[in-house]
$ cat structure30.cif   # mmCIF, C-alpha atoms
data_final
loop_
_atom_site.label_atom_id
_atom_site.label_comp_id
_atom_site.auth_asym_id
_atom_site.auth_seq_id
_atom_site.Cartn_x
_atom_site.Cartn_y
_atom_site.Cartn_z
CA MET A 5 -50.05 -96.35 -28.46
CA THR A 6 -50.67 -92.69 -28.21
CA MET A 7 -47.26 -91.76 -26.81
CA PRO A 8 -45.08 -93.25 -29.57
CA PHE A 9 -47.04 -91.38 -32.17
CA PHE A 10 -46.54 -88.12 -30.32
CA ARG A 11 -42.87 -88.72 -30.03
CA THR A 12 -42.55 -89.57 -33.62
CA THR A 13 -44.38 -86.46 -34.66
CA SER A 14 -42.28 -84.19 -32.45
CA ALA A 15 -39.13 -85.73 -33.72
CA ALA A 16 -40.26 -85.22 -37.28
CA ARG A 17 -41.05 -81.63 -36.58
CA LEU A 18 -37.64 -81.14 -35.07
CA VAL A 19 -35.99 -82.69 -38.06
CA LEU A 20 -38.08 -80.51 -40.36
CA ALA A 21 -37.19 -77.42 -38.40
CA LEU A 22 -33.54 -78.24 -38.52
CA ALA A 23 -33.79 -78.90 -42.21
CA CYS A 24 -35.48 -75.57 -42.77
CA THR A 25 -32.89 -73.82 -40.70
CA ALA A 26 -30.12 -75.49 -42.63
CA SER A 27 -31.81 -74.65 -45.91
CA PHE A 28 -32.17 -70.99 -44.93
CA ALA A 29 -28.53 -70.83 -43.87
CA THR A 30 -27.47 -72.32 -47.18
CA ALA A 31 -29.63 -69.86 -49.13
CA SER A 32 -28.24 -66.93 -47.13
CA GLN A 33 -24.71 -68.02 -47.81
CA ALA A 34 -25.52 -68.36 -51.51
CA ALA A 35 -27.06 -64.88 -51.55
CA ILE A 36 -24.03 -63.41 -49.80
CA PHE A 37 -21.67 -65.15 -52.27
CA GLY A 38 -23.66 -63.89 -55.28
CA ASP A 39 -23.57 -60.24 -54.11
CA ASP A 40 -19.76 -60.29 -53.77
CA GLU A 41 -19.34 -61.61 -57.31
CA ALA A 42 -21.70 -59.00 -58.68
CA ARG A 43 -19.92 -56.28 -56.79
CA ARG A 44 -16.58 -57.39 -58.12
CA ALA A 45 -18.02 -57.54 -61.64
CA ILE A 46 -19.40 -54.03 -61.28
CA LEU A 47 -16.06 -52.76 -60.02
CA GLU A 48 -14.24 -54.44 -62.87
CA LEU A 49 -16.75 -52.97 -65.31
CA ARG A 50 -16.31 -49.55 -63.79
CA GLN A 51 -12.53 -49.91 -64.02
CA ARG A 52 -12.86 -50.89 -67.66
CA LEU A 53 -15.14 -47.97 -68.34
CA ASP A 54 -12.73 -45.65 -66.56
CA ALA A 55 -9.86 -47.10 -68.56
CA MET A 56 -11.86 -46.72 -71.78
CA GLN A 57 -12.70 -43.12 -70.89
CA VAL A 58 -9.03 -42.42 -70.21
CA THR A 59 -8.12 -44.09 -73.48
CA ASN A 60 -10.78 -42.13 -75.35
CA GLN A 61 -9.64 -38.92 -73.72
CA ARG A 62 -6.08 -39.63 -74.70
CA ALA A 63 -7.22 -40.52 -78.19
CA ASN A 64 -9.18 -37.27 -78.40
CA GLU A 65 -6.18 -35.36 -77.12
CA ASP A 66 -3.93 -37.16 -79.62
CA THR A 67 -6.43 -36.42 -82.40
CA ALA A 68 -6.58 -32.77 -81.40
CA GLN A 69 -2.80 -32.63 -81.24
CA LEU A 70 -2.61 -34.33 -84.64
CA ARG A 71 -5.04 -31.78 -86.05
CA ARG A 72 -3.00 -28.95 -84.63
CA SER A 73 0.13 -30.51 -86.06
CA LEU A 74 -1.52 -30.88 -89.47
CA LEU A 75 -2.69 -27.27 -89.35
CA ASP A 76 0.80 -26.14 -88.39
CA LEU A 77 2.25 -28.27 -91.18
CA GLN A 78 -0.20 -26.82 -93.69
CA ALA A 79 0.67 -23.34 -92.50
CA GLN A 80 4.37 -24.11 -92.87
CA ILE A 81 3.78 -25.56 -96.34
CA GLU A 82 1.84 -22.45 -97.35
CA THR A 83 4.60 -20.26 -95.95
CA LEU A 84 7.16 -22.28 -97.89
CA ARG A 85 5.09 -21.91 -101.05
CA GLN A 86 4.88 -18.17 -100.55
CA ASP A 87 8.60 -17.99 -99.87
CA GLN A 88 9.27 -20.11 -102.94
CA ALA A 89 7.05 -17.87 -105.07
CA ARG A 90 8.78 -14.78 -103.67
CA LEU A 91 12.21 -16.29 -104.30
CA ARG A 92 11.15 -17.28 -107.82
CA GLY A 93 10.02 -13.72 -108.43
CA GLN A 94 13.27 -12.35 -107.02
CA ASN A 95 15.24 -14.80 -109.12
CA GLU A 96 13.40 -13.76 -112.27
CA GLN A 97 13.99 -10.12 -111.37
CA LEU A 98 17.68 -10.80 -110.79
CA LEU A 99 17.92 -12.63 -114.10
CA GLN A 100 16.24 -9.72 -115.83
CA GLN A 101 18.53 -7.24 -114.11
CA SER A 102 21.54 -9.40 -114.97
CA SER A 103 20.45 -9.56 -118.61
CA GLU A 104 19.90 -5.81 -118.67
CA LEU A 105 23.29 -5.25 -117.04
CA GLN A 106 24.99 -7.51 -119.58
CA ARG A 107 23.27 -5.65 -122.41
CA LYS A 108 24.38 -2.30 -120.99
CA GLN A 109 27.91 -3.61 -120.51
CA LYS A 110 27.92 -4.83 -124.09
CA ASP A 111 26.66 -1.46 -125.32
CA ILE A 112 29.26 0.32 -123.23
CA ALA A 113 31.98 -2.01 -124.52
CA GLN A 114 30.87 -1.40 -128.10
CA GLY A 115 30.76 2.33 -127.47
CA VAL A 116 34.23 2.28 -125.96
CA GLU A 117 35.49 0.18 -128.85
CA GLU A 118 34.01 2.57 -131.37
CA ARG A 119 35.52 5.54 -129.57
CA LEU A 120 38.88 3.79 -129.43
CA LYS A 121 38.65 3.08 -133.13
CA GLN A 122 38.45 6.82 -133.68
CA PHE A 123 42.00 7.03 -132.36
CA GLU A 124 43.40 3.83 -133.85
CA PRO A 125 45.58 4.17 -136.96
CA VAL A 126 43.97 3.10 -140.21
CA THR A 127 45.50 1.91 -143.45
CA VAL A 128 44.74 4.20 -146.37
CA THR A 129 45.71 4.34 -150.03
CA VAL A 130 46.04 7.77 -151.62
CA ASP A 131 47.45 8.46 -155.10
CA GLY A 132 48.79 4.91 -155.30
CA GLN A 133 50.58 5.17 -151.95
CA GLN A 134 49.53 2.95 -149.03
CA PHE A 135 50.37 4.03 -145.51
CA THR A 136 49.04 4.16 -141.96
CA ALA A 137 47.39 7.32 -140.71
CA ASP A 138 45.57 8.50 -137.64
CA PRO A 139 41.83 9.02 -138.09
CA ALA A 140 42.35 12.72 -137.42
CA GLU A 141 44.80 12.96 -140.34
CA LYS A 142 42.38 11.28 -142.69
CA ARG A 143 39.51 13.44 -141.55
CA ASP A 144 41.45 16.71 -141.97
CA PHE A 145 42.88 15.74 -145.35
CA ASP A 146 39.51 14.69 -146.72
CA ALA A 147 37.97 17.91 -145.42
CA ALA A 148 40.64 20.05 -147.14
CA LEU A 149 40.18 18.13 -150.39
CA GLU A 150 36.45 18.72 -150.28
CA VAL A 151 37.10 22.44 -149.91
CA PHE A 152 39.35 22.37 -153.02
CA ARG A 153 36.79 20.41 -155.05
CA ALA A 154 34.15 22.96 -154.07
CA GLY A 155 36.26 25.62 -155.85
CA ARG A 156 37.10 27.49 -152.66
CA PHE A 157 40.78 27.76 -153.50
CA ALA A 158 41.71 30.37 -150.89
CA ASP A 159 40.20 28.20 -148.13
CA ALA A 160 41.84 25.12 -149.65
CA ASN A 161 45.19 26.95 -149.55
CA LYS A 162 44.76 27.57 -145.81
CA SER A 163 43.47 24.03 -145.16
CA PHE A 164 46.34 22.23 -146.91
CA SER A 165 48.96 24.61 -145.47
CA GLY A 166 47.54 23.99 -142.01
CA PHE A 167 47.51 20.23 -142.62
CA ILE A 168 51.19 20.15 -143.61
CA GLY A 169 52.11 22.23 -140.58
CA GLN A 170 50.10 19.99 -138.21
CA TYR A 171 51.13 16.62 -139.72
CA PRO A 172 54.61 17.18 -141.22
CA ARG A 173 55.40 13.43 -141.22
CA SER A 174 52.06 12.22 -142.47
CA GLY A 175 51.81 9.99 -145.50
CA TYR A 176 49.28 12.52 -146.81
CA VAL A 177 51.91 15.30 -147.08
CA PRO A 178 52.98 14.64 -150.73
CA SER A 179 49.35 14.67 -151.86
CA ALA A 180 48.65 17.68 -149.64
CA ARG A 181 51.55 19.58 -151.35
CA PHE A 182 50.20 18.63 -154.77
CA TRP A 183 46.73 19.98 -154.04
CA LEU A 184 48.15 23.01 -152.26
CA GLY A 185 50.16 23.84 -155.39
CA ASN A 186 47.04 23.45 -157.52
CA ALA A 187 45.08 25.78 -155.18
CA GLN A 188 47.92 28.34 -155.46
CA TYR A 189 48.00 27.93 -159.24
CA ALA A 190 44.24 28.58 -159.34
CA GLU A 191 44.85 31.79 -157.40
CA ARG A 192 47.71 32.65 -159.80
CA ASN A 193 50.25 32.38 -157.02
CA TYR A 194 52.66 30.65 -159.41
CA LYS A 195 55.91 31.02 -157.49
CA ASP A 196 54.52 29.44 -154.32
CA ALA A 197 52.88 26.74 -156.44
CA ILE A 198 56.24 25.93 -158.09
CA ALA A 199 57.87 25.71 -154.65
CA ASN A 200 55.32 23.18 -153.40
CA PHE A 201 55.47 21.08 -156.58
CA ARG A 202 59.26 20.98 -156.39
CA SER A 203 59.12 20.00 -152.71
CA LEU A 204 56.93 17.05 -153.74
CA LEU A 205 59.36 16.00 -156.52
CA THR A 206 62.42 16.35 -154.27
CA ALA A 207 61.01 14.42 -151.31
CA ASN A 208 58.92 11.87 -153.21
CA PRO A 209 60.04 11.48 -156.85
CA GLU A 210 58.24 8.12 -157.12
CA HIS A 211 54.93 9.45 -155.85
CA GLY A 212 51.87 8.89 -158.03
CA ARG A 213 51.38 12.64 -158.41
CA ALA A 214 55.05 13.37 -159.25
CA PRO A 215 54.62 13.45 -163.09
CA GLU A 216 51.62 15.78 -162.73
CA ALA A 217 53.59 17.96 -160.33
CA ALA A 218 56.37 18.33 -162.93
CA LEU A 219 53.83 19.23 -165.60
CA SER A 220 52.25 21.77 -163.24
CA ILE A 221 55.68 23.40 -162.70
CA ALA A 222 56.01 23.82 -166.44
CA ASN A 223 52.54 25.35 -166.65
CA CYS A 224 53.43 27.81 -163.88
CA GLN A 225 56.64 28.74 -165.76
CA ILE A 226 54.65 29.27 -168.92
CA GLU A 227 52.29 31.57 -167.02
CA LEU A 228 55.34 33.44 -165.76
CA LYS A 229 56.57 33.77 -169.39
CA ASP A 230 59.67 31.71 -168.56
CA THR A 231 59.58 29.61 -171.76
CA ARG A 232 63.15 28.35 -171.48
CA ALA A 233 62.62 27.03 -167.99
CA ALA A 234 59.28 25.52 -169.01
CA ARG A 235 60.91 23.70 -171.94
CA LYS A 236 63.64 22.31 -169.68
CA THR A 237 61.05 21.13 -167.15
CA LEU A 238 58.99 19.40 -169.87
CA GLU A 239 62.07 17.66 -171.31
CA ASP A 240 63.08 16.42 -167.88
CA LEU A 241 59.51 15.20 -167.33
CA VAL A 242 59.52 13.13 -170.52
CA LYS A 243 62.88 11.58 -169.54
CA ALA A 244 61.90 10.86 -165.91
CA TYR A 245 58.38 9.61 -166.52
CA PRO A 246 58.23 8.50 -170.17
CA ARG A 247 55.19 6.22 -169.78
CA SER A 248 53.03 8.62 -167.83
CA GLU A 249 50.08 10.57 -169.17
CA ALA A 250 51.89 13.72 -168.07
CA ALA A 251 54.72 12.83 -170.46
CA VAL A 252 52.25 12.68 -173.37
CA ALA A 253 50.91 16.14 -172.43
CA ALA A 254 54.50 17.39 -172.04
CA LYS A 255 55.39 16.31 -175.58
CA GLU A 256 52.37 18.16 -176.94
CA GLN A 257 53.36 21.32 -175.08
CA LEU A 258 56.97 21.00 -176.29
CA SER A 259 55.74 20.88 -179.87
CA ARG A 260 53.77 24.05 -179.31
CA LEU A 261 56.64 25.86 -177.58
CA LYS A 262 58.87 25.39 -180.65
#

$ encode --input "structure30.cif" --output "C-alpha cells"
Amino acid sequence: MTMPFFRTTSAARLVLALACTASFATASQAAIFGDDEARRAILELRQRLDAMQVTNQRANEDTAQLRRSLLDLQAQIETLRQDQARLRGQNEQLLQQSSELQRKQKDIAQGVEERLKQFEPVTVTVDGQQFTADPAEKRDFDAALEVFRAGRFADANKSFSGFIGQYPRSGYVPSARFWLGNAQYAERNYKDAIANFRSLLTANPEHGRAPEAALSIANCQIELKDTRAARKTLEDLVKAYPRSEAAVAAKEQLSRLK
C-alpha cells in the first residue's frame, strides 16, 4: 500500500515539474516576442521622428527661403517705386522743358515774323493815291513830313530831296515833290519850287495834289512879279480842274489880277 502512493506522488511531481518547465518556456518565448515588437515600434517611431524632423527642417528652410524671397520682392518693389518716382519727375521736367522750349520757339517765331514784317511791303494811301511801299519808304516819308510840319523848312527841303533821290520810283514821289516845292516856297526859293510843282503836274496830272501844285506855281509866279504867266497858269488850272477847291481860289486870284 505504501509503494503505490509513493509512485503516484513521484509521478505527480514529475508532471508538475514538466508543466512548470513548459510554462516557463512559454513565458520566455512570450517575453522574447514582446521585446522584438517593442523594438520594432521604437525604431518605427524613431524613423517617423527623424522623418518629421527632416520635414520640419525642410519646412523651416522653405519658410526662410520664402522670407528671403519676400524681402527681395519688397526690395525690388521699393526700387521700382523709386525708379517710377524718378521717371515721373524726369517726365515732368521734360514736359516743363518742352513747354518752355515751345514758348521760346513761339516767341522767336513771332520775333522773326515781326522783323520780317519790317521789310514786307505795305499798302498805303497818300493824297488819294493807293500804292505798295516798303516800310523804309513809309518811315522816311513820314519823317520828312514831320520835319515840314514842325516848320523846319530847310531840313524838310533836304529830307524830301534825299527821299526822291533814294526812292525815285516810289509811289510817295509825287507827294514828296509837292511838299518839297512848298518847303522851297517857304524859303522863297520860287524857281526851284516851280520846277518841282511842274514835275508833279507833268508826271502825275491826275494826282490828288495836282490842282494845288498848279495854284502854287501861280503863287510863285506872282511872287516873282510874273503876272502874265501867273494869269495863264490860273486859267489853265480852272480849265483842267474846274471842280477842285484850287479852281475856286484860282478864280478869286484872277479877279484880283485884273

$ residues_near_point --input "structure30.cif" --point "(44.9, 24.7, -147.2)" --cutoff "9 Å" --atoms "only C-alpha atoms" --output "list in words"
Ala148, Leu149, Val151, Phe152, Phe157, Ala158, Asp159, Ala160, Asn161, Lys162, Ser163, Phe164, Ser165, Gly166, Phe167, Ile168, Ala180, Trp183, Leu184 and Ala187 of chain A

$ atom_distance --input "structure30.cif" --atom1 "CA of Arg232 (chain A)" --atom2 "CA of Gln257 (chain A)"
12.6 Å

$ atom_distance --input "structure30.cif" --atom1 "CA of Thr237 (chain A)" --atom2 "CA of Tyr189 (chain A)"
16.7 Å

$ atom_distance --input "structure30.cif" --atom1 "CA of Ala251 (chain A)" --atom2 "CA of Gly175 (chain A)"
25.3 Å

$ resolve_selection --input "structure30.cif" --expression "the PyMOL selection byres ((chain A and resi 213) around 10)" --output "ChimeraX atom specification"
/A:130-133,178-179,181-183,201,204-205,208-212,214-218,250

$ closest_residue --input "structure30.cif" --among "A:Ala42, A:Ile198, A:Leu219, A:Leu74" --to "Ala244 (chain A)" --atoms "only C-alpha atoms"
A:Leu219

$ closest_residue --input "structure30.cif" --among "A:Gly155, A:Arg90, A:Asp111, A:Tyr171" --to "Ala137 (chain A)" --atoms "all atoms listed in the file"
A:Tyr171

$ resolve_selection --input "structure30.cif" --expression "the PyMOL selection byres ((chain A and resi 228) around 12)" --output "list of chain:residue names"
A:Tyr189, A:Arg192, A:Asn193, A:Tyr194, A:Lys195, A:Ala197, A:Ile198, A:Ile221, A:Ala222, A:Asn223, A:Cys224, A:Gln225, A:Ile226, A:Glu227, A:Lys229, A:Asp230, A:Thr231, A:Arg232, A:Ala233, A:Ala234

$ write_last_selection --input "structure30.cif" --atoms "C-alpha atoms" --output "tab-separated table (two decimals), in the frame of the given file"
chain	number	residue	atom	x	y	z
A	189	TYR	CA	48.00	27.93	-159.24
A	192	ARG	CA	47.71	32.65	-159.80
A	193	ASN	CA	50.25	32.38	-157.02
A	194	TYR	CA	52.66	30.65	-159.41
A	195	LYS	CA	55.91	31.02	-157.49
A	197	ALA	CA	52.88	26.74	-156.44
A	198	ILE	CA	56.24	25.93	-158.09
A	221	ILE	CA	55.68	23.40	-162.70
A	222	ALA	CA	56.01	23.82	-166.44
A	223	ASN	CA	52.54	25.35	-166.65
A	224	CYS	CA	53.43	27.81	-163.88
A	225	GLN	CA	56.64	28.74	-165.76
A	226	ILE	CA	54.65	29.27	-168.92
A	227	GLU	CA	52.29	31.57	-167.02
A	229	LYS	CA	56.57	33.77	-169.39
A	230	ASP	CA	59.67	31.71	-168.56
A	231	THR	CA	59.58	29.61	-171.76
A	232	ARG	CA	63.15	28.35	-171.48
A	233	ALA	CA	62.62	27.03	-167.99
A	234	ALA	CA	59.28	25.52	-169.01

$ build_atoms --input "structure30.cif" --residues "region 175-208 of chain A" --atoms "N, CA and C atoms" --output "short mmCIF file (atom, residue, chain, number, x, y, z; two decimals), in the frame of the given file"
data_model
loop_
_atom_site.label_atom_id
_atom_site.label_comp_id
_atom_site.auth_asym_id
_atom_site.auth_seq_id
_atom_site.Cartn_x
_atom_site.Cartn_y
_atom_site.Cartn_z
N GLY A 175 51.75 10.54 -144.14
CA GLY A 175 51.81 9.99 -145.50
C GLY A 175 50.97 10.80 -146.48
N TYR A 176 50.11 11.67 -145.96
CA TYR A 176 49.28 12.52 -146.81
C TYR A 176 50.05 13.74 -147.35
N VAL A 177 51.22 14.05 -146.77
CA VAL A 177 51.91 15.30 -147.08
C VAL A 177 52.20 15.47 -148.58
N PRO A 178 52.73 14.43 -149.29
CA PRO A 178 52.98 14.64 -150.73
C PRO A 178 51.72 15.03 -151.50
N SER A 179 50.61 14.33 -151.20
CA SER A 179 49.35 14.67 -151.86
C SER A 179 48.86 16.04 -151.44
N ALA A 180 49.06 16.36 -150.14
CA ALA A 180 48.65 17.68 -149.64
C ALA A 180 49.44 18.77 -150.37
N ARG A 181 50.75 18.59 -150.61
CA ARG A 181 51.55 19.58 -151.35
C ARG A 181 51.07 19.70 -152.80
N PHE A 182 50.68 18.58 -153.39
CA PHE A 182 50.20 18.63 -154.77
C PHE A 182 48.94 19.49 -154.88
N TRP A 183 47.98 19.23 -153.97
CA TRP A 183 46.73 19.98 -154.04
C TRP A 183 46.91 21.41 -153.56
N LEU A 184 47.84 21.65 -152.67
CA LEU A 184 48.15 23.01 -152.26
C LEU A 184 48.71 23.80 -153.44
N GLY A 185 49.61 23.17 -154.20
CA GLY A 185 50.16 23.84 -155.39
C GLY A 185 49.08 24.15 -156.41
N ASN A 186 48.12 23.21 -156.57
CA ASN A 186 47.04 23.45 -157.52
C ASN A 186 46.15 24.60 -157.07
N ALA A 187 45.88 24.67 -155.70
CA ALA A 187 45.08 25.78 -155.18
C ALA A 187 45.80 27.11 -155.41
N GLN A 188 47.14 27.13 -155.23
CA GLN A 188 47.92 28.34 -155.46
C GLN A 188 47.95 28.69 -156.95
N TYR A 189 48.03 27.69 -157.79
CA TYR A 189 48.00 27.93 -159.24
C TYR A 189 46.67 28.55 -159.64
N ALA A 190 45.56 28.03 -159.02
CA ALA A 190 44.24 28.58 -159.34
C ALA A 190 44.12 30.03 -158.90
N GLU A 191 44.86 30.41 -157.88
CA GLU A 191 44.85 31.79 -157.40
C GLU A 191 45.97 32.62 -158.06
N ARG A 192 46.64 31.99 -159.04
CA ARG A 192 47.71 32.65 -159.80
C ARG A 192 48.91 33.01 -158.92
N ASN A 193 49.08 32.25 -157.89
CA ASN A 193 50.25 32.38 -157.02
C ASN A 193 51.27 31.35 -157.51
N TYR A 194 51.87 31.65 -158.71
CA TYR A 194 52.66 30.65 -159.41
C TYR A 194 53.98 30.31 -158.71
N LYS A 195 54.64 31.28 -158.14
CA LYS A 195 55.91 31.02 -157.49
C LYS A 195 55.75 30.08 -156.29
N ASP A 196 54.75 30.34 -155.46
CA ASP A 196 54.52 29.44 -154.32
C ASP A 196 54.09 28.07 -154.80
N ALA A 197 53.31 28.02 -155.88
CA ALA A 197 52.88 26.74 -156.44
C ALA A 197 54.09 25.95 -156.91
N ILE A 198 55.03 26.62 -157.63
CA ILE A 198 56.24 25.93 -158.09
C ILE A 198 57.03 25.39 -156.92
N ALA A 199 57.11 26.15 -155.83
CA ALA A 199 57.87 25.71 -154.65
C ALA A 199 57.26 24.44 -154.05
N ASN A 200 55.97 24.38 -153.97
CA ASN A 200 55.32 23.18 -153.40
C ASN A 200 55.45 21.98 -154.32
N PHE A 201 55.31 22.20 -155.64
CA PHE A 201 55.47 21.08 -156.58
C PHE A 201 56.89 20.52 -156.54
N ARG A 202 57.87 21.42 -156.44
CA ARG A 202 59.26 20.98 -156.39
C ARG A 202 59.56 20.25 -155.07
N SER A 203 58.93 20.71 -153.99
CA SER A 203 59.12 20.00 -152.71
C SER A 203 58.60 18.57 -152.83
N LEU A 204 57.48 18.39 -153.53
CA LEU A 204 56.93 17.05 -153.74
C LEU A 204 57.89 16.20 -154.56
N LEU A 205 58.45 16.76 -155.65
CA LEU A 205 59.36 16.00 -156.52
C LEU A 205 60.66 15.66 -155.80
N THR A 206 61.15 16.58 -154.98
CA THR A 206 62.42 16.35 -154.27
C THR A 206 62.27 15.27 -153.20
N ALA A 207 61.20 15.36 -152.42
CA ALA A 207 61.01 14.42 -151.31
C ALA A 207 60.44 13.08 -151.76
N ASN A 208 59.60 13.10 -152.79
CA ASN A 208 58.92 11.87 -153.21
C ASN A 208 58.88 11.78 -154.74
#
